[in-house]
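Colleague: Got model-v1.cif for you, mmCIF, N, CA and C atoms:
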```cif
data_run
loop_
_atom_site.label_atom_id
_atom_site.label_comp_id
_atom_site.auth_asym_id
_atom_site.auth_seq_id
_atom_site.Cartn_x
_atom_site.Cartn_y
_atom_site.Cartn_z
N MET W 1 82.97 100.25 98.98
CA MET W 1 82.84 98.98 99.65
C MET W 1 83.62 99.05 100.95
N LEU W 2 83.14 98.41 101.97
CA LEU W 2 83.75 98.51 103.28
C LEU W 2 84.66 97.33 103.61
N SER W 3 85.01 96.51 102.65
CA SER W 3 85.85 95.36 102.94
C SER W 3 87.27 95.82 103.26
N VAL W 4 87.91 95.08 104.16
CA VAL W 4 89.28 95.39 104.54
C VAL W 4 90.19 94.47 103.75
N ARG W 5 91.12 95.07 103.01
CA ARG W 5 92.05 94.27 102.23
C ARG W 5 93.39 94.21 102.95
N ARG W 6 93.95 93.02 102.98
CA ARG W 6 95.22 92.78 103.66
C ARG W 6 96.34 92.62 102.64
N CYS W 7 97.55 92.73 103.10
CA CYS W 7 98.73 92.55 102.26
C CYS W 7 98.73 91.13 101.69
N SER W 8 99.09 91.01 100.42
CA SER W 8 99.10 89.71 99.73
C SER W 8 100.30 88.85 100.07
N ARG W 9 101.32 89.43 100.69
CA ARG W 9 102.51 88.65 101.01
C ARG W 9 102.21 87.61 102.07
N SER W 10 102.77 86.43 101.91
CA SER W 10 102.53 85.32 102.84
C SER W 10 102.93 85.70 104.25
N GLY W 11 102.05 85.45 105.19
CA GLY W 11 102.33 85.69 106.60
C GLY W 11 102.14 87.13 107.05
N CYS W 12 101.88 88.04 106.16
CA CYS W 12 101.71 89.44 106.52
C CYS W 12 100.23 89.71 106.76
N THR W 13 99.93 90.34 107.89
CA THR W 13 98.53 90.63 108.23
C THR W 13 98.24 92.13 108.23
N GLU W 14 99.17 92.94 107.74
CA GLU W 14 98.99 94.40 107.73
C GLU W 14 97.95 94.80 106.68
N LEU W 15 97.37 95.98 106.86
CA LEU W 15 96.41 96.51 105.90
C LEU W 15 97.11 96.89 104.61
N ALA W 16 96.46 96.63 103.49
CA ALA W 16 97.01 96.97 102.19
C ALA W 16 96.85 98.47 101.94
N VAL W 17 97.91 99.10 101.39
CA VAL W 17 97.87 100.52 101.05
C VAL W 17 98.33 100.77 99.62
N ALA W 18 98.82 99.72 98.95
CA ALA W 18 99.35 99.86 97.59
C ALA W 18 98.97 98.64 96.76
N THR W 19 99.02 98.81 95.45
CA THR W 19 98.73 97.71 94.53
C THR W 19 99.92 97.51 93.61
N LEU W 20 100.35 96.26 93.48
CA LEU W 20 101.45 95.88 92.61
C LEU W 20 100.88 95.25 91.35
N THR W 21 101.35 95.75 90.20
CA THR W 21 100.95 95.21 88.91
C THR W 21 102.20 94.97 88.09
N TYR W 22 102.23 93.86 87.37
CA TYR W 22 103.36 93.55 86.49
C TYR W 22 103.00 93.87 85.05
N VAL W 23 103.92 94.51 84.34
CA VAL W 23 103.77 94.75 82.91
C VAL W 23 104.84 93.87 82.26
N TYR W 24 104.46 92.67 81.90
CA TYR W 24 105.41 91.69 81.41
C TYR W 24 106.07 92.13 80.11
N ALA W 25 105.36 92.79 79.22
CA ALA W 25 105.91 93.21 77.94
C ALA W 25 107.07 94.19 78.12
N ASP W 26 107.02 94.99 79.19
CA ASP W 26 108.07 95.99 79.45
C ASP W 26 109.02 95.56 80.57
N SER W 27 108.86 94.36 81.11
CA SER W 27 109.65 93.89 82.25
C SER W 27 109.65 94.93 83.36
N THR W 28 108.44 95.34 83.76
CA THR W 28 108.29 96.38 84.75
C THR W 28 107.30 95.96 85.82
N ALA W 29 107.63 96.28 87.07
CA ALA W 29 106.72 96.11 88.20
C ALA W 29 106.28 97.51 88.62
N VAL W 30 104.97 97.73 88.68
CA VAL W 30 104.43 99.05 89.02
C VAL W 30 103.75 98.97 90.39
N VAL W 31 104.20 99.82 91.32
CA VAL W 31 103.61 99.89 92.65
C VAL W 31 102.97 101.26 92.79
N GLY W 32 101.64 101.26 92.91
CA GLY W 32 100.91 102.52 93.01
C GLY W 32 99.94 102.49 94.16
N PRO W 33 99.15 103.55 94.30
CA PRO W 33 98.15 103.58 95.37
C PRO W 33 97.19 102.40 95.25
N LEU W 34 96.56 102.06 96.35
CA LEU W 34 95.65 100.93 96.41
C LEU W 34 94.52 101.10 95.40
N ALA W 35 94.32 100.10 94.57
CA ALA W 35 93.24 100.12 93.58
C ALA W 35 91.90 100.11 94.31
N THR W 36 90.89 100.69 93.67
CA THR W 36 89.58 100.76 94.32
C THR W 36 88.96 99.39 94.50
N GLN W 37 89.29 98.44 93.62
CA GLN W 37 88.77 97.08 93.73
C GLN W 37 89.92 96.10 93.53
N ALA W 38 89.83 94.96 94.20
CA ALA W 38 90.82 93.91 94.01
C ALA W 38 90.63 93.33 92.61
N GLU W 39 91.69 93.19 91.88
CA GLU W 39 91.64 92.67 90.52
C GLU W 39 92.51 91.42 90.42
N PRO W 40 92.16 90.51 89.54
CA PRO W 40 93.04 89.36 89.31
C PRO W 40 94.38 89.84 88.75
N HIS W 41 95.41 89.16 89.04
CA HIS W 41 96.76 89.45 88.53
C HIS W 41 97.36 90.72 89.11
N THR W 42 96.81 91.23 90.20
CA THR W 42 97.43 92.33 90.94
C THR W 42 97.59 91.87 92.38
N TYR W 43 98.45 92.55 93.11
CA TYR W 43 98.73 92.16 94.48
C TYR W 43 98.61 93.39 95.37
N ASP W 44 97.91 93.27 96.49
CA ASP W 44 97.80 94.35 97.45
C ASP W 44 98.97 94.23 98.42
N LEU W 45 99.60 95.36 98.72
CA LEU W 45 100.77 95.37 99.59
C LEU W 45 100.62 96.38 100.73
N CYS W 46 101.21 96.06 101.88
CA CYS W 46 101.26 96.99 103.00
C CYS W 46 102.39 98.00 102.73
N THR W 47 102.52 98.99 103.59
CA THR W 47 103.55 100.02 103.40
C THR W 47 104.95 99.41 103.36
N HIS W 48 105.24 98.52 104.30
CA HIS W 48 106.57 97.89 104.37
C HIS W 48 106.92 97.15 103.08
N HIS W 49 106.02 96.33 102.59
CA HIS W 49 106.30 95.56 101.39
C HIS W 49 106.25 96.41 100.12
N ALA W 50 105.45 97.47 100.10
CA ALA W 50 105.40 98.36 98.93
C ALA W 50 106.72 99.12 98.77
N HIS W 51 107.31 99.54 99.89
CA HIS W 51 108.58 100.28 99.82
C HIS W 51 109.78 99.36 99.65
N GLY W 52 109.68 98.12 100.13
CA GLY W 52 110.80 97.20 100.08
C GLY W 52 110.82 96.27 98.88
N LEU W 53 109.89 96.43 97.96
CA LEU W 53 109.81 95.54 96.81
C LEU W 53 111.03 95.67 95.90
N THR W 54 111.58 94.54 95.52
CA THR W 54 112.65 94.52 94.52
C THR W 54 112.19 93.64 93.36
N ALA W 55 112.74 93.91 92.20
CA ALA W 55 112.34 93.15 91.00
C ALA W 55 113.50 92.26 90.56
N PRO W 56 113.20 91.25 89.77
CA PRO W 56 114.25 90.38 89.26
C PRO W 56 115.25 91.16 88.39
N ARG W 57 116.43 90.60 88.21
CA ARG W 57 117.45 91.22 87.38
C ARG W 57 116.89 91.48 85.98
N GLY W 58 117.11 92.68 85.48
CA GLY W 58 116.62 93.06 84.16
C GLY W 58 115.24 93.72 84.19
N TRP W 59 114.59 93.70 85.34
CA TRP W 59 113.28 94.33 85.47
C TRP W 59 113.44 95.70 86.13
N GLU W 60 112.49 96.56 85.88
CA GLU W 60 112.47 97.90 86.46
C GLU W 60 111.28 98.00 87.41
N VAL W 61 111.46 98.75 88.51
CA VAL W 61 110.36 99.00 89.44
C VAL W 61 109.95 100.46 89.31
N VAL W 62 108.68 100.69 89.00
CA VAL W 62 108.14 102.04 88.96
C VAL W 62 107.27 102.16 90.20
N ARG W 63 107.63 103.13 91.07
CA ARG W 63 106.95 103.24 92.36
C ARG W 63 106.35 104.63 92.51
N PHE W 64 105.15 104.70 93.06
CA PHE W 64 104.48 105.95 93.39
C PHE W 64 105.39 106.77 94.30
N GLU W 65 105.56 108.07 94.03
CA GLU W 65 106.51 108.88 94.78
C GLU W 65 105.97 109.42 96.09
N GLY W 66 104.67 109.42 96.29
CA GLY W 66 104.10 109.94 97.54
C GLY W 66 104.06 108.87 98.61
N GLU W 67 103.47 109.23 99.74
CA GLU W 67 103.28 108.27 100.83
C GLU W 67 102.01 107.47 100.57
N PHE W 68 102.08 106.19 100.82
CA PHE W 68 100.91 105.34 100.68
C PHE W 68 100.05 105.52 101.92
N ALA W 69 98.78 105.77 101.73
CA ALA W 69 97.88 105.96 102.86
C ALA W 69 96.75 104.93 102.78
N PRO W 70 96.31 104.42 103.92
CA PRO W 70 95.20 103.47 103.89
C PRO W 70 93.95 104.17 103.35
N PRO W 71 93.09 103.44 102.67
CA PRO W 71 91.88 104.06 102.11
C PRO W 71 90.98 104.59 103.22
N GLN W 72 90.43 105.75 103.00
CA GLN W 72 89.51 106.35 103.96
C GLN W 72 88.09 106.13 103.47
N HIS W 73 87.28 105.52 104.31
CA HIS W 73 85.89 105.29 103.95
C HIS W 73 85.08 106.51 104.35
N THR W 74 84.22 106.93 103.49
CA THR W 74 83.39 108.09 103.76
C THR W 74 82.00 107.64 104.16
N GLY W 75 81.21 108.59 104.60
CA GLY W 75 79.83 108.30 104.94
C GLY W 75 79.06 107.81 103.73
N ASP W 76 79.49 108.24 102.52
CA ASP W 76 78.84 107.79 101.30
C ASP W 76 78.97 106.28 101.12
N ASP W 77 80.12 105.70 101.50
CA ASP W 77 80.32 104.26 101.39
C ASP W 77 79.30 103.52 102.27
N LEU W 78 79.15 103.99 103.49
CA LEU W 78 78.23 103.35 104.42
C LEU W 78 76.78 103.52 103.96
N THR W 79 76.46 104.70 103.45
CA THR W 79 75.10 104.95 102.95
C THR W 79 74.80 104.05 101.75
N ALA W 80 75.76 103.92 100.82
CA ALA W 80 75.56 103.07 99.65
C ALA W 80 75.35 101.61 100.06
N LEU W 81 76.11 101.15 101.04
CA LEU W 81 75.96 99.78 101.53
C LEU W 81 74.58 99.58 102.17
N ALA W 82 74.16 100.54 102.97
CA ALA W 82 72.85 100.44 103.63
C ALA W 82 71.73 100.43 102.59
N GLU W 83 71.84 101.27 101.56
CA GLU W 83 70.83 101.29 100.51
C GLU W 83 70.77 99.96 99.76
N ALA W 84 71.92 99.35 99.48
CA ALA W 84 71.96 98.07 98.78
C ALA W 84 71.31 96.98 99.62
N VAL W 85 71.57 96.97 100.91
CA VAL W 85 70.98 95.97 101.79
C VAL W 85 69.47 96.19 101.89
N ARG W 86 69.07 97.45 102.01
CA ARG W 86 67.64 97.77 102.09
C ARG W 86 66.92 97.33 100.81
N GLU W 87 67.50 97.59 99.66
CA GLU W 87 66.88 97.21 98.38
C GLU W 87 66.77 95.69 98.25
N ALA W 88 67.82 94.98 98.66
CA ALA W 88 67.80 93.52 98.56
C ALA W 88 66.75 92.91 99.49
N GLY W 89 66.43 93.58 100.59
CA GLY W 89 65.48 93.05 101.54
C GLY W 89 64.03 93.42 101.27
N ARG W 90 63.79 94.26 100.29
CA ARG W 90 62.41 94.66 99.98
C ARG W 90 61.61 93.48 99.48
N VAL W 91 60.39 93.33 99.96
CA VAL W 91 59.52 92.24 99.57
C VAL W 91 58.86 92.51 98.22
N ASP W 92 58.61 93.78 97.90
CA ASP W 92 57.87 94.10 96.69
C ASP W 92 58.76 94.47 95.51
N ARG W 93 60.04 94.11 95.57
CA ARG W 93 60.95 94.46 94.48
C ARG W 93 60.70 93.55 93.28
N ALA W 94 60.99 94.06 92.09
CA ALA W 94 60.84 93.26 90.87
C ALA W 94 62.02 92.32 90.75
N ILE W 95 61.73 91.09 90.36
CA ILE W 95 62.77 90.07 90.20
C ILE W 95 62.76 89.61 88.76
N GLU W 96 63.91 89.66 88.11
CA GLU W 96 63.97 89.22 86.71
C GLU W 96 64.09 87.71 86.67
N ALA W 97 63.18 87.10 85.98
CA ALA W 97 63.15 85.64 85.87
C ALA W 97 63.83 85.23 84.57
N VAL W 98 63.93 83.94 84.35
CA VAL W 98 64.52 83.39 83.14
C VAL W 98 63.72 83.84 81.93
N GLY W 99 64.39 84.20 80.86
CA GLY W 99 63.70 84.60 79.64
C GLY W 99 63.30 86.06 79.63
N GLY W 100 63.80 86.86 80.57
CA GLY W 100 63.51 88.28 80.58
C GLY W 100 62.16 88.64 81.18
N VAL W 101 61.41 87.66 81.71
CA VAL W 101 60.12 87.93 82.32
C VAL W 101 60.37 88.51 83.70
N THR W 102 59.65 89.55 84.06
CA THR W 102 59.81 90.15 85.37
C THR W 102 58.67 89.72 86.28
N VAL W 103 59.04 89.26 87.48
CA VAL W 103 58.05 88.81 88.45
C VAL W 103 58.14 89.76 89.63
N THR W 104 57.03 90.27 90.10
CA THR W 104 57.03 91.13 91.28
C THR W 104 56.59 90.29 92.46
N ALA W 105 57.45 90.24 93.46
CA ALA W 105 57.13 89.48 94.66
C ALA W 105 56.20 90.30 95.52
N GLY W 106 55.17 89.70 96.02
CA GLY W 106 54.22 90.39 96.87
C GLY W 106 54.11 89.67 98.20
N PRO W 107 53.21 90.10 99.04
CA PRO W 107 53.03 89.44 100.33
C PRO W 107 52.69 87.97 100.15
N GLY W 108 53.31 87.12 100.94
CA GLY W 108 53.04 85.69 100.89
C GLY W 108 53.80 84.95 99.80
N VAL W 109 54.57 85.67 98.97
CA VAL W 109 55.36 85.02 97.92
C VAL W 109 56.81 85.00 98.38
N GLU W 110 57.37 83.80 98.48
CA GLU W 110 58.74 83.69 98.94
C GLU W 110 59.69 83.61 97.76
N THR W 111 60.61 84.55 97.71
CA THR W 111 61.66 84.53 96.71
C THR W 111 62.96 84.79 97.44
N GLY W 112 64.04 84.44 96.83
CA GLY W 112 65.32 84.67 97.47
C GLY W 112 66.45 84.48 96.51
N ARG W 113 67.63 84.74 96.98
CA ARG W 113 68.82 84.61 96.15
C ARG W 113 69.94 84.07 97.01
N ARG W 114 70.67 83.14 96.45
CA ARG W 114 71.81 82.57 97.16
C ARG W 114 72.95 82.45 96.17
N GLY W 115 73.97 83.30 96.33
CA GLY W 115 75.09 83.29 95.40
C GLY W 115 74.60 83.62 94.01
N HIS W 116 74.91 82.80 93.04
CA HIS W 116 74.49 83.04 91.67
C HIS W 116 73.16 82.37 91.35
N LEU W 117 72.58 81.63 92.31
CA LEU W 117 71.31 80.95 92.09
C LEU W 117 70.16 81.84 92.55
N ARG W 118 69.04 81.70 91.90
CA ARG W 118 67.87 82.51 92.23
C ARG W 118 66.67 81.60 92.44
N VAL W 119 65.91 81.83 93.52
CA VAL W 119 64.70 81.07 93.78
C VAL W 119 63.55 81.89 93.24
N LEU W 120 62.75 81.27 92.36
CA LEU W 120 61.64 81.96 91.74
C LEU W 120 60.34 81.45 92.31
N PRO W 121 59.32 82.31 92.35
CA PRO W 121 58.02 81.84 92.86
C PRO W 121 57.41 80.84 91.88
N THR W 122 56.57 79.98 92.42
CA THR W 122 55.88 79.00 91.59
C THR W 122 54.88 79.73 90.70
N PRO W 123 54.87 79.43 89.38
CA PRO W 123 53.93 80.12 88.50
C PRO W 123 52.49 79.79 88.88
N ALA W 124 51.63 80.77 88.73
CA ALA W 124 50.20 80.58 89.05
C ALA W 124 49.55 79.71 87.98
N ASP W 125 48.69 78.80 88.41
CA ASP W 125 47.96 77.94 87.46
C ASP W 125 46.85 78.75 86.81
N ASP W 126 46.67 78.58 85.50
CA ASP W 126 45.62 79.31 84.79
C ASP W 126 44.34 78.55 84.75
#
```
Take the structure in the file and give it back as C-alpha cells.
Modeller:
Amino acid sequence: MLSVRRCSRSGCTELAVATLTYVYADSTAVVGPLATQAEPHTYDLCTHHAHGLTAPRGWEVVRFEGEFAPPQHTGDDLTALAEAVREAGRVDRAIEAVGGVTVTAGPGVETGRRGHLRVLPTPADD
C-alpha cells in the first residue's frame, strides 16, 4: 500500500518508522520496526519518539536494536495498486449480489460501489 503513515504523537508530523505495542499482561512496551499495516491498539512512531520513549514506573521497554528505517516502496506496490484500480474500473467484471447471486455488468448497465454500499443493476422483468 502506498499510504504515508505519520507519527501518532500529538503535534508530530514526521514519517512513522516504528510501531509501539503494549503487552499489558507483562507490563511491557514493545517498540519494533513499522508494521506492514496500521492496527488498532498500536501506535506509529517517528525515529525521535521511538528512541525517546519511556515507560511508566514498573514497566519495561523492549526496543528493536537496529536503526529504524522508513518503509521502502517497491515497483511491486505500485503495480499491485494499478492492477486493483484497473480491476475495479472494469465494466464487465462480475459483481456479487445479495444472496450469493452473481451479476455480470455489461455495456449500458450501471453498477458502482461507495464505501460499504453497493449499487446493483435493476433486475430484468420476465
Colleague: So which residues get picked by the PyMOL selection byres (((chain W and resi 51 and name CA) around 12) and name CA) here, written as a PyMOL selection string?
Modeller: chain W and resi 17-20+30-33+45-50+52-55+61-68
Colleague: Between atom N of Ala69 of chain W and atom CA of Tyr22 of chain W, what is the distance in Å, rounded to a tenth?
Modeller: 20.1 Å
Colleague: Once the PyMOL selection byres ((chain W and resi 42) around 7) has been applied to the shown file, what residues remain in the selection, as a JSON list (two decimals) with N, CA and C atoms, in the coordinates of the input?
Modeller:
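Listing of selection-v3.json after writing:
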```
[["chain", "number", "residue", "atom", "x", "y", "z"],
["W", 19, "THR", "N", 99.02, 98.81, 95.45],
["W", 19, "THR", "CA", 98.73, 97.71, 94.53],
["W", 19, "THR", "C", 99.92, 97.51, 93.61],
["W", 20, "LEU", "N", 100.35, 96.26, 93.48],
["W", 20, "LEU", "CA", 101.45, 95.88, 92.61],
["W", 20, "LEU", "C", 100.88, 95.25, 91.35],
["W", 21, "THR", "N", 101.35, 95.75, 90.20],
["W", 21, "THR", "CA", 100.95, 95.21, 88.91],
["W", 21, "THR", "C", 102.20, 94.97, 88.09],
["W", 22, "TYR", "N", 102.23, 93.86, 87.37],
["W", 22, "TYR", "CA", 103.36, 93.55, 86.49],
["W", 22, "TYR", "C", 103.00, 93.87, 85.05],
["W", 38, "ALA", "N", 89.83, 94.96, 94.20],
["W", 38, "ALA", "CA", 90.82, 93.91, 94.01],
["W", 38, "ALA", "C", 90.63, 93.33, 92.61],
["W", 39, "GLU", "N", 91.69, 93.19, 91.88],
["W", 39, "GLU", "CA", 91.64, 92.67, 90.52],
["W", 39, "GLU", "C", 92.51, 91.42, 90.42],
["W", 40, "PRO", "N", 92.16, 90.51, 89.54],
["W", 40, "PRO", "CA", 93.04, 89.36, 89.31],
["W", 40, "PRO", "C", 94.38, 89.84, 88.75],
["W", 41, "HIS", "N", 95.41, 89.16, 89.04],
["W", 41, "HIS", "CA", 96.76, 89.45, 88.53],
["W", 41, "HIS", "C", 97.36, 90.72, 89.11],
["W", 43, "TYR", "N", 98.45, 92.55, 93.11],
["W", 43, "TYR", "CA", 98.73, 92.16, 94.48],
["W", 43, "TYR", "C", 98.61, 93.39, 95.37],
["W", 44, "ASP", "N", 97.91, 93.27, 96.49],
["W", 44, "ASP", "CA", 97.80, 94.35, 97.45],
["W", 44, "ASP", "C", 98.97, 94.23, 98.42]]
```
Colleague: Would you compute the distance between atom CA of Leu34 of chain W and atom CA of Ala16 of chain W? Give it in Å to one decimal.
Modeller: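 Between atom CA of Leu34 of chain W and atom CA of Ala16 of chain W the gap is 7.1 Å.
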Colleague: Mind giving me the straight-line distance from atom C of Glu60 of chain W to atom CA of Ser27 of chain W in Å, one decimal?
Modeller: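 Separating atom C of Glu60 of chain W from atom CA of Ser27 of chain W is a distance of 6.8 Å.
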